[in-house]
Amino acid sequence: MSRTRTTRAVLAATSLALVAALVTACSGGGTDTDGTATAGEPKAGGDLTYLDSLTWNTLYPPGGGFYPNGGIINNIADRLLYQNPETLELEPWIATALPEVNADATEYTFDIRTDVTYSDGTPLTAANVVKNLDLYGKGDTDKKLAVSEAINNYDHGEVVDDDTVKFYFSAPAPGFAQAVSTITSGLLSDATLDKSTEGYGPGNATSIIGSGPFVISDEKVGTEIVLTAREDYDWAPPSLEHQGRALLDSVTISVAGEDSVRVGAVVSGQADAARQIEAPDEAQFAASGLALVAAATNGVNNGLSFRFRHPLLQDIRVREAIIAGIDREAIVDTLFTENYPLATGALAETALGYVDTSEYYEYDPDKAADLLDEAGFVPGDDGIRVKDGQRLSLTFNEALPQPRSKEVVTMIQEQLAELGIEVKLFPGDQAAQDAARLDIDTIQVYHSMVGRADYDVLKSQYASKNRNTLLNLDTSDGSVGDPELDALLSAVASEPTSDERQAASAAAQQHLAENAYILPIFEEPQVFGLRADVQGFATESVGRPSWYSAWLDR
């Protein structure tokens with residue numbers, strides 16, 4: 001019998017316990033979310049094969065936002081707190097309780113477990129926890145290690161005693177508790193923390209030492225990683241039904257870039273699970289013996305960022321014309337399924353801080369043509385609009401981690417061509433895309449998304465000192481095109497209460513919409529295809545796989 005598992009959402013928040021979305025996944029026994037009976041008692045043992053669409057590029061936790069990275073880090077590195085993927089509430093993990101926080105959220109005190117060790121046998125101590133967070137909160141320019149985008153206003157950590165640590169901030173940091181539950185704050189051994197950026201890269205996977213339920217036992221650069229269960233692991237989040245050693249013996253993560261290869265391997269039984277099952281292939285997982293999981297990412301929607309400092313995009317009328325000239329509903333209806341809801345704002349409806357700004361994103365090609373006329377762009381001999389001898393030709397990136405990016409851009413290309421706007425697609429693999437990402441002369445419209453179940457996700461995507469997707473910051477001269485936007489985003493991460501953060505987030509989203517800086521397209525899930533005998537599969541709060549409780553019903 002086939003089973004399809006999907007995502008549902010609830011909205012609520014407290015300053016330390018976050019509730020933003022319900023992500024349903026497999027359970028070990030009882031009844032599944034669609035009422036289908038699942039298998040009985042979990043079985044220990046077995047080797048699972050999992051296919052990813054892209055290879056990883058760093059295991060430095062603050063670089064874990066790229067899904068292939070995070071899918072590994074999530075299973076080898078524990079965190080101070082656990083964000084329950086079903087409720088998004090924060091719970092104890094390596095910390096024995098939620099932190100004590102002062103009134104303005106500038107001091108956080110955690111009690112930590114004293115019985116945890118890393119896979120190299122070294123203890124996880126208070127000093128080690130401080131060393132982790134000092135690195136992630138400050139970065140290390142000499143070692144080319146970046147500051148975590150999830151940690152704001154960090155000053156320093158302090159060892160209070162053997163089981164107590166305290167962290168200090170230069171300004172309110174209300175998102176810190178949630179930040180230390182994410183894979184970007186995964187705890188690593190002292191020896192691992194001493195590495196430079198190259199030490200976290202391909203070829204060095206087996207030397208990355210965490211305290212998690214799996215260790216990296218083998219690596220074939222660019223093609224395969226093997227995770228092996230750690231025999232003495234016994235400090236899982238207390239709320240998990242399964243405790244002790246992971247049930248699986250191993251998980252082999254193999255790269256299969258072709259969609260048809262990933263789907264075919266799972267359907268035929270050559271692999272047990274795969275990520276990034278594209279919408280046209282979802283129907284295959286309705287067959288007997290297969291299952292589908294669509295996990296919410298709870299953050300910034302899949303969409304376009306307009307590099308407004310580029311000469312062709314400086315006039316807001318041009319940006320508004322592009323927005324009005326793109327039929328988002330046609331794109332979603334043509335390329336995707338019900339697992340990809342049409343975006344109604346910068347954030348998914350399941351995200352903390354969500355505001356409906358859909359009125360700014362209505363499809364109106366007549367309005368788009370009028371705006372281009374007003375902006376002085378007139379059709380040239382080849383149909384492409386021209387102003388002062390410059391053709392209205394824009395280059396989009398191909399967002400390889402995002403579903404069907406090339407097809408999305410191709411449809412946009414066809415729609416905007418009717419208005420006299422030329423759209424080009426920047427080609428190349430992930431390394432080429434990464435190299436071109438911050439070059440405004442190469443890419444003027446940036447296709448991307450980011451998942452994080454916290455208000456700060458908005459800052460992560462658009463702030464100049466974070467991902468800078470709008471290229472508001474010109475890295476060549478340090479200038480900022482829209483300081484007001486940066487100030488609004490900074491407030492999202494610095495206001496001490498949930499109500500104030502909600503208001504700051506709303507103001508930032510309104511600013512993005514009113515200035516035609518972005519065009520949200522759809523709410524992006526992480527879609528996994530599974531053999532039905534894969535039980536207990538789950539994802540963390542933004543859709544990265546968690547293999548700890550998974551088992552094989554064979």
# chains A, B, ... in the order shown; residues from 1 in each chain; ligands from 1
$ select_by_dssp --residues "range 75-135 of chain A" --states "alpha helix (DSSP H)" --output "number ranges by chain"
A: 75-76, 126-135
$ write_last_selection --atoms "C-alpha atoms" --output "PDB file, in the first residue's frame"
ATOM      1  CA  ASN A  75      23.600  13.287  11.797  1.00  0.00           C
ATOM      2  CA  ILE A  76      27.111  13.674  13.186  1.00  0.00           C
ATOM      3  CA  ALA A 126      32.035  23.391  29.164  1.00  0.00           C
ATOM      4  CA  ALA A 127      35.283  24.776  27.722  1.00  0.00           C
ATOM      5  CA  ASN A 128      34.682  22.890  24.485  1.00  0.00           C
ATOM      6  CA  VAL A 129      31.131  24.271  24.187  1.00  0.00           C
ATOM      7  CA  VAL A 130      32.456  27.807  24.618  1.00  0.00           C
ATOM      8  CA  LYS A 131      35.166  27.137  22.033  1.00  0.00           C
ATOM      9  CA  ASN A 132      32.499  26.007  19.552  1.00  0.00           C
ATOM     10  CA  LEU A 133      30.267  29.028  20.022  1.00  0.00           C
ATOM     11  CA  ASP A 134      33.159  31.512  20.145  1.00  0.00           C
ATOM     12  CA  LEU A 135      34.217  30.264  16.708  1.00  0.00           C
TER      13      LEU A 135
END
$ residues_around --residues "Ser305 in chain A" --least-positions-apart "6" --cutoff "10 Å" --atoms "only C-alpha atoms" --output "list of chain:residue names"
A:Phe396, A:Gln444, A:Val445, A:Tyr446, A:His447, A:Ser448, A:Met449, A:Gln461, A:Tyr462, A:Asn468, A:Thr469, A:Leu470, A:Leu471, A:Leu512, A:Ala516, A:Tyr517, A:Ile518, A:Leu519, A:Pro520
$ write_last_selection --atoms "N, CA and C atoms" --output "compact mmCIF listing (two decimals), in the first residue's frame"
# COMPACT_ATOMS: atom_id res chain seq x y z
N PHE A 396 19.88 35.52 -15.11
CA PHE A 396 19.47 34.82 -13.89
C PHE A 396 20.46 33.68 -13.65
N GLN A 444 22.16 39.40 -12.47
CA GLN A 444 21.37 40.55 -12.01
C GLN A 444 20.11 40.13 -11.24
N VAL A 445 19.63 38.92 -11.50
CA VAL A 445 18.45 38.41 -10.80
C VAL A 445 18.83 37.07 -10.19
N TYR A 446 18.69 36.97 -8.86
CA TYR A 446 19.20 35.79 -8.15
C TYR A 446 18.04 34.93 -7.65
N HIS A 447 18.04 33.67 -8.07
CA HIS A 447 17.01 32.70 -7.70
C HIS A 447 17.52 31.89 -6.51
N SER A 448 16.75 31.87 -5.41
CA SER A 448 17.21 31.15 -4.21
C SER A 448 16.09 31.02 -3.20
N MET A 449 16.39 30.42 -2.06
CA MET A 449 15.53 30.35 -0.88
C MET A 449 16.41 30.06 0.31
N GLN A 461 18.76 35.98 4.73
CA GLN A 461 18.68 36.03 3.27
C GLN A 461 19.07 37.39 2.70
N TYR A 462 18.60 38.48 3.29
CA TYR A 462 18.68 39.77 2.63
C TYR A 462 19.67 40.76 3.22
N ASN A 468 23.29 38.51 1.53
CA ASN A 468 23.39 39.65 0.63
C ASN A 468 22.85 39.34 -0.76
N THR A 469 21.70 38.66 -0.81
CA THR A 469 21.19 38.21 -2.11
C THR A 469 20.79 39.36 -3.02
N LEU A 470 20.47 40.51 -2.44
CA LEU A 470 20.12 41.68 -3.25
C LEU A 470 21.36 42.46 -3.70
N LEU A 471 22.53 42.07 -3.21
CA LEU A 471 23.76 42.83 -3.40
C LEU A 471 23.57 44.29 -2.99
N LEU A 512 10.58 45.37 1.51
CA LEU A 512 10.97 44.55 0.36
C LEU A 512 9.91 44.59 -0.73
N ALA A 516 9.86 46.70 -4.55
CA ALA A 516 9.97 45.73 -5.65
C ALA A 516 11.36 45.10 -5.71
N TYR A 517 11.86 44.73 -4.53
CA TYR A 517 13.18 44.10 -4.46
C TYR A 517 13.13 42.59 -4.73
N ILE A 518 11.98 41.98 -4.50
CA ILE A 518 11.88 40.52 -4.59
C ILE A 518 10.59 40.10 -5.28
N LEU A 519 10.58 38.88 -5.80
CA LEU A 519 9.36 38.25 -6.28
C LEU A 519 9.31 36.82 -5.73
N PRO A 520 8.57 36.58 -4.66
CA PRO A 520 8.40 35.22 -4.14
C PRO A 520 7.60 34.38 -5.15
$ select_by_dssp --residues "range 324-526 of chain A" --states "strand (DSSP E or B)" --output "ChimeraX atom specification"
/A:342,347,378-379,385-387,390-391,393-397,422-426,445-450,473-474,479-480,518-522,525-526
$ atom_distance --atom1 "CA of Pro379 in chain A" --atom2 "CA of Pro311 in chain A"
18.1 Å
$ closest_residue --among "A:Gly345, A:Gly383, A:Pro545, A:Gly175" --to "Asn153 in chain A" --atoms "only C-alpha atoms"
A:Gly175
$ residues_around --residues "Asp533 in chain A" --least-positions-apart "6" --cutoff "8 Å" --atoms "only C-alpha atoms" --output "list of chain:residue names"
A:Gly289, A:Leu552, A:Asp553, A:Arg554
$ closest_residue --among "A:Ile412, A:Val147, A:Ala77, A:Ala351" --to "Val300 in chain A" --atoms "only C-alpha atoms"
A:Ala351
$ closest_residue --among "A:Ile326, A:Ile440, A:Ile112, A:Ala513" --to "Lys166 in chain A" --atoms "only C-alpha atoms"
A:Ile112
$ closest_residue --among "A:Gly203, A:Pro92, A:Pro62, A:Pro68" --to "Gly137 in chain A" --atoms "only C-alpha atoms"
A:Pro62
